[in-house]
Amino acid sequence: MQKKRVAILISGRGSNMAALIEAAKDKDYPAEIALVVSNRTNAAGLEIAKANGIATAVVDHVPFGKDRHAFDRALQTEFDRHRIELVCLAGFMRLLTDSFVNAWHGRMINIHPSLLPAFKGLDTHTRALAAGAKIHGATVHFVAPEMDSGPIIAQAEVPVAADDTPAMLAARVLEAEHRLYPLALRLVAEGRVQLRDAEKSKTPGIEPGVTG
Ligand code: GRF
C-alpha cells in the first residue's frame with residue numbers, strides 16, 4: 001500500500017494533530033504524516049510533532065502582513081519540499097486564499113467543532129448552549145473557499161447535558177473529534193470518499209455503508 005503523504009496545519013495545542021499522528025502509526029493506516037506546519041512559532045503542537053519524529057515547519061504569517069497570496073505560496077513551497085498529497089487543517093486559525101483552496105480542491109480537509117451547517121465560525125460550544133441544542137458534535141469536511149462550508153465527509157455527535165458549561169461541552173466534543181478525524185482522513189486517503197462534481201451536488205461521493 002502506497003501511503004498518502006499528509007501535511008497537518010496547526011496554530012495551537014495540536015490535539016487533533018496528535019490524534020492523527022497516533023492513528024498513522026498503524027502500519028495499515030493509509031496515510032503518513034509527513035509534515036506539520038504552524039503559522040505560529042510558539043504553537044504547542046510543534047513540540048508534539050517533533051517528539052514523534054515528524055518534520056515541522058513554521059510559516060509565520062506576521063511578516064506577510066496582508067499579503068495572503070505570498071503566505072499561501074510559502075505554504076505551498078513547504079508542501080512541495082515534502083511531496084505532500086493531502087492537507088489536514090487542525091485548529092489552523094488562518095484564512096487561506098480562494099486560489100490556494102481551489103488548488104487543493106478535494107485534497108484538503110478541516111475539522112470543525114459543530115454539526116455543520118449549524119454553528120459555523122468561532123465559539124461554537126457557547127452558541128450551541130445558548131441555542132438550547134440537545135445534540136452537538138464535530139464535522140470533518142472538504143475545504144471550500146467559503147469558510148466551514150465545504151462538502152461534509154463525516155460527523156460525530158455528542159449529547160448536550162442540561163448543566164453543561166461551554167468548557168464541559170468542548171471537552172466532550174474534543175474527544176469525539178479525536179475519534180472522527182482519523183476515520184475521516186482514512187476515508188479520503190483510501191479514496192472511499194471523493195469530491196466529484198462538487199458544484200452540482202455539494203455532496204461528496206461515499207460508498208454505501210460507510211458512516212461517520
Ligand atoms: C478543535 O476544536 C477543532 O475542531 C477546531 O480547533 C480546535 C483545535 O484544537 N478547528 P486542537 O489544536 O486540535 O487541540
# chains A, B, ... in the order shown; residues from 1 in each chain; ligands from 1

call {"tool": "residues_near_ligand", "arguments": {"ligand": "ligand 1", "cutoff": "7 Å", "atoms": "only C-alpha atoms and all ligand atoms", "output": "MDAnalysis selection string"}}
result
chainID A and resid 10:17 90:92 111:113 138 174 177

call {"tool": "residues_around", "arguments": {"residues": "segment 129-131 of chain A", "least_positions_apart": "3", "cutoff": "8 Å", "atoms": "only C-alpha atoms", "output": "number ranges by chain"}}
result
A: 125-126, 160, 164-166

call {"tool": "select_by_dssp", "arguments": {"residues": "segment 61-190 of chain A", "states": "strand (DSSP E)", "output": "number ranges by chain"}}
result
A: 86-89, 108-112, 135-142, 152-159

call {"tool": "select_by_dssp", "arguments": {"residues": "segment 108-183 of chain A", "states": "alpha helix (DSSP H)", "output": "MDAnalysis selection string"}}
result
chainID A and resid 124:130 166:183

call {"tool": "write_last_selection", "arguments": {"atoms": "C-alpha atoms", "output": "short mmCIF file (atom, residue, chain, number, x, y, z; two decimals), in the first residue's frame"}}
result
data_model
loop_
_atom_site.label_atom_id
_atom_site.label_comp_id
_atom_site.auth_asym_id
_atom_site.auth_seq_id
_atom_site.Cartn_x
_atom_site.Cartn_y
_atom_site.Cartn_z
CA THR A 124 -19.45 27.02 18.68
CA HIS A 125 -19.96 25.47 22.13
CA THR A 126 -21.19 28.68 23.76
CA ARG A 127 -23.58 29.25 20.87
CA ALA A 128 -24.86 25.66 20.90
CA LEU A 129 -25.67 26.01 24.61
CA ALA A 130 -27.30 29.41 24.08
CA PRO A 166 -19.02 25.59 27.37
CA ALA A 167 -15.81 24.02 28.70
CA MET A 168 -17.55 20.74 29.62
CA LEU A 169 -19.21 20.56 26.24
CA ALA A 170 -15.96 21.45 24.44
CA ALA A 171 -14.15 18.61 26.22
CA ARG A 172 -16.85 16.11 25.21
CA VAL A 173 -16.77 17.28 21.59
CA LEU A 174 -12.96 17.22 21.53
CA GLU A 175 -12.92 13.54 22.50
CA ALA A 176 -15.28 12.87 19.61
CA GLU A 177 -13.06 14.92 17.28
CA HIS A 178 -10.08 12.74 18.15
CA ARG A 179 -12.00 9.66 17.01
CA LEU A 180 -13.60 11.33 14.00
CA TYR A 181 -10.62 12.94 12.30
CA PRO A 182 -8.54 9.76 11.88
CA LEU A 183 -11.62 8.00 10.49
#

call {"tool": "residues_around", "arguments": {"residues": "Val36 of chain A", "least_positions_apart": "6", "cutoff": "9 Å", "atoms": "only C-alpha atoms", "output": "ChimeraX atom specification"}}
result
/A:6-10,17,45-46,49-50,54-58

call {"tool": "write_last_selection", "arguments": {"atoms": "all heavy atoms", "output": "mmCIF file, in the first residue's frame"}}
result
data_model
loop_
_atom_site.group_PDB
_atom_site.id
_atom_site.type_symbol
_atom_site.label_atom_id
_atom_site.label_comp_id
_atom_site.auth_asym_id
_atom_site.auth_seq_id
_atom_site.Cartn_x
_atom_site.Cartn_y
_atom_site.Cartn_z
ATOM 1 N N VAL A 6 0.784 13.294 4.022
ATOM 2 C CA VAL A 6 -0.141 14.289 4.573
ATOM 3 C C VAL A 6 0.620 15.394 5.304
ATOM 4 O O VAL A 6 1.566 15.114 6.043
ATOM 5 C CB VAL A 6 -1.123 13.600 5.567
ATOM 6 C CG1 VAL A 6 -1.968 14.628 6.305
ATOM 7 C CG2 VAL A 6 -1.998 12.604 4.824
ATOM 8 N N ALA A 7 0.177 16.630 5.090
ATOM 9 C CA ALA A 7 0.632 17.754 5.923
ATOM 10 C C ALA A 7 -0.521 18.160 6.827
ATOM 11 O O ALA A 7 -1.677 18.215 6.392
ATOM 12 C CB ALA A 7 1.039 18.946 5.058
ATOM 13 N N ILE A 8 -0.201 18.440 8.079
ATOM 14 C CA ILE A 8 -1.208 18.954 9.017
ATOM 15 C C ILE A 8 -0.850 20.405 9.325
ATOM 16 O O ILE A 8 0.300 20.702 9.670
ATOM 17 C CB ILE A 8 -1.238 18.135 10.324
ATOM 18 C CG1 ILE A 8 -1.442 16.638 10.027
ATOM 19 C CG2 ILE A 8 -2.335 18.646 11.249
ATOM 20 C CD1 ILE A 8 -1.393 15.758 11.283
ATOM 21 N N LEU A 9 -1.827 21.289 9.204
ATOM 22 C CA LEU A 9 -1.628 22.707 9.527
ATOM 23 C C LEU A 9 -2.243 23.001 10.886
ATOM 24 O O LEU A 9 -3.421 22.686 11.112
ATOM 25 C CB LEU A 9 -2.277 23.612 8.477
ATOM 26 C CG LEU A 9 -1.809 23.484 7.034
ATOM 27 C CD1 LEU A 9 -2.346 24.643 6.199
ATOM 28 C CD2 LEU A 9 -0.305 23.463 6.946
ATOM 29 N N ILE A 10 -1.460 23.595 11.767
ATOM 30 C CA ILE A 10 -1.935 23.912 13.116
ATOM 31 C C ILE A 10 -1.608 25.366 13.454
ATOM 32 O O ILE A 10 -0.784 26.009 12.786
ATOM 33 C CB ILE A 10 -1.287 22.994 14.185
ATOM 34 C CG1 ILE A 10 0.244 23.211 14.233
ATOM 35 C CG2 ILE A 10 -1.607 21.524 13.914
ATOM 36 C CD1 ILE A 10 0.915 22.557 15.434
ATOM 37 N N MET A 17 -4.113 17.049 15.748
ATOM 38 C CA MET A 17 -2.891 16.623 15.067
ATOM 39 C C MET A 17 -2.316 15.387 15.756
ATOM 40 O O MET A 17 -1.943 14.410 15.085
ATOM 41 C CB MET A 17 -1.868 17.770 15.111
ATOM 42 C CG MET A 17 -0.499 17.419 14.582
ATOM 43 S SD MET A 17 0.811 18.370 15.418
ATOM 44 C CE MET A 17 0.802 17.574 17.033
ATOM 45 N N GLY A 45 1.691 22.364 19.600
ATOM 46 C CA GLY A 45 1.655 21.149 18.782
ATOM 47 C C GLY A 45 2.967 20.860 18.074
ATOM 48 O O GLY A 45 3.272 19.702 17.770
ATOM 49 N N LEU A 46 3.763 21.889 17.807
ATOM 50 C CA LEU A 46 5.049 21.676 17.123
ATOM 51 C C LEU A 46 5.946 20.737 17.921
ATOM 52 O O LEU A 46 6.627 19.875 17.355
ATOM 53 C CB LEU A 46 5.769 23.016 16.908
ATOM 54 C CG LEU A 46 5.201 23.933 15.828
ATOM 55 C CD1 LEU A 46 5.876 25.307 15.891
ATOM 56 C CD2 LEU A 46 5.381 23.314 14.439
ATOM 57 N N ALA A 49 4.799 17.165 17.566
ATOM 58 C CA ALA A 49 5.193 16.621 16.262
ATOM 59 C C ALA A 49 6.670 16.244 16.269
ATOM 60 O O ALA A 49 7.053 15.145 15.837
ATOM 61 C CB ALA A 49 4.898 17.633 15.161
ATOM 62 N N LYS A 50 7.498 17.149 16.785
ATOM 63 C CA LYS A 50 8.949 16.876 16.820
ATOM 64 C C LYS A 50 9.239 15.642 17.662
ATOM 65 O O LYS A 50 10.070 14.810 17.290
ATOM 66 C CB LYS A 50 9.692 18.077 17.412
ATOM 67 C CG LYS A 50 9.850 19.227 16.422
ATOM 68 C CD LYS A 50 10.618 20.375 17.065
ATOM 69 C CE LYS A 50 10.394 21.657 16.291
ATOM 70 N NZ LYS A 50 10.631 22.867 17.088
ATOM 71 N N ILE A 54 8.465 13.859 13.476
ATOM 72 C CA ILE A 54 7.834 14.360 12.242
ATOM 73 C C ILE A 54 8.451 15.705 11.864
ATOM 74 O O ILE A 54 8.706 16.552 12.741
ATOM 75 C CB ILE A 54 6.308 14.478 12.456
ATOM 76 C CG1 ILE A 54 5.733 13.057 12.587
ATOM 77 C CG2 ILE A 54 5.625 15.235 11.317
ATOM 78 C CD1 ILE A 54 4.333 12.992 13.054
ATOM 79 N N ALA A 55 8.672 15.884 10.572
ATOM 80 C CA ALA A 55 9.225 17.156 10.093
ATOM 81 C C ALA A 55 8.249 18.285 10.399
ATOM 82 O O ALA A 55 7.032 18.128 10.236
ATOM 83 C CB ALA A 55 9.468 17.066 8.590
ATOM 84 N N THR A 56 8.776 19.403 10.865
ATOM 85 C CA THR A 56 7.924 20.558 11.167
ATOM 86 C C THR A 56 8.454 21.785 10.428
ATOM 87 O O THR A 56 9.637 21.857 10.079
ATOM 88 C CB THR A 56 7.905 20.888 12.675
ATOM 89 O OG1 THR A 56 9.239 21.192 13.090
ATOM 90 C CG2 THR A 56 7.353 19.732 13.494
ATOM 91 N N ALA A 57 7.543 22.712 10.192
ATOM 92 C CA ALA A 57 7.925 23.988 9.597
ATOM 93 C C ALA A 57 7.050 25.068 10.215
ATOM 94 O O ALA A 57 5.902 24.817 10.581
ATOM 95 C CB ALA A 57 7.727 23.953 8.086
ATOM 96 N N VAL A 58 7.622 26.251 10.364
ATOM 97 C CA VAL A 58 6.839 27.408 10.790
ATOM 98 C C VAL A 58 6.793 28.370 9.615
ATOM 99 O O VAL A 58 7.832 28.744 9.077
ATOM 100 C CB VAL A 58 7.461 28.098 12.022
ATOM 101 C CG1 VAL A 58 6.704 29.386 12.341
ATOM 102 C CG2 VAL A 58 7.450 27.160 13.225
#

call {"tool": "closest_residue", "arguments": {"among": "A:Asp72, A:Glu85, A:Asp163, A:Glu190", "to": "Phe100 of chain A", "atoms": "only C-alpha atoms"}}
result
A:Asp72

call {"tool": "residues_around", "arguments": {"residues": "Gln2 of chain A", "least_positions_apart": "5", "cutoff": "12 Å", "atoms": "only C-alpha atoms", "output": "PyMOL selection string"}}
result
chain A and resi 27-32+85+189-190

call {"tool": "residues_around", "arguments": {"residues": "Ile84 of chain A", "least_positions_apart": "4", "cutoff": "9 Å", "atoms": "only C-alpha atoms", "output": "number ranges by chain"}}
result
A: 4-7, 34-35, 78-80

call {"tool": "closest_residue", "arguments": {"among": "A:Ala70, A:His105, A:Thr41, A:Ile48", "to": "Ala19 of chain A", "atoms": "only C-alpha atoms"}}
result
A:Ile48

call {"tool": "closest_residue", "arguments": {"among": "A:Ile153, A:Ile109, A:Ala103, A:Leu187", "to": "Arg73 of chain A", "atoms": "only C-alpha atoms"}}
result
A:Ala103

call {"tool": "atom_distance", "arguments": {"atom1": "atom CA of Arg192 of chain A", "atom2": "atom CA of Met147 of chain A"}}
result
24.1 Å
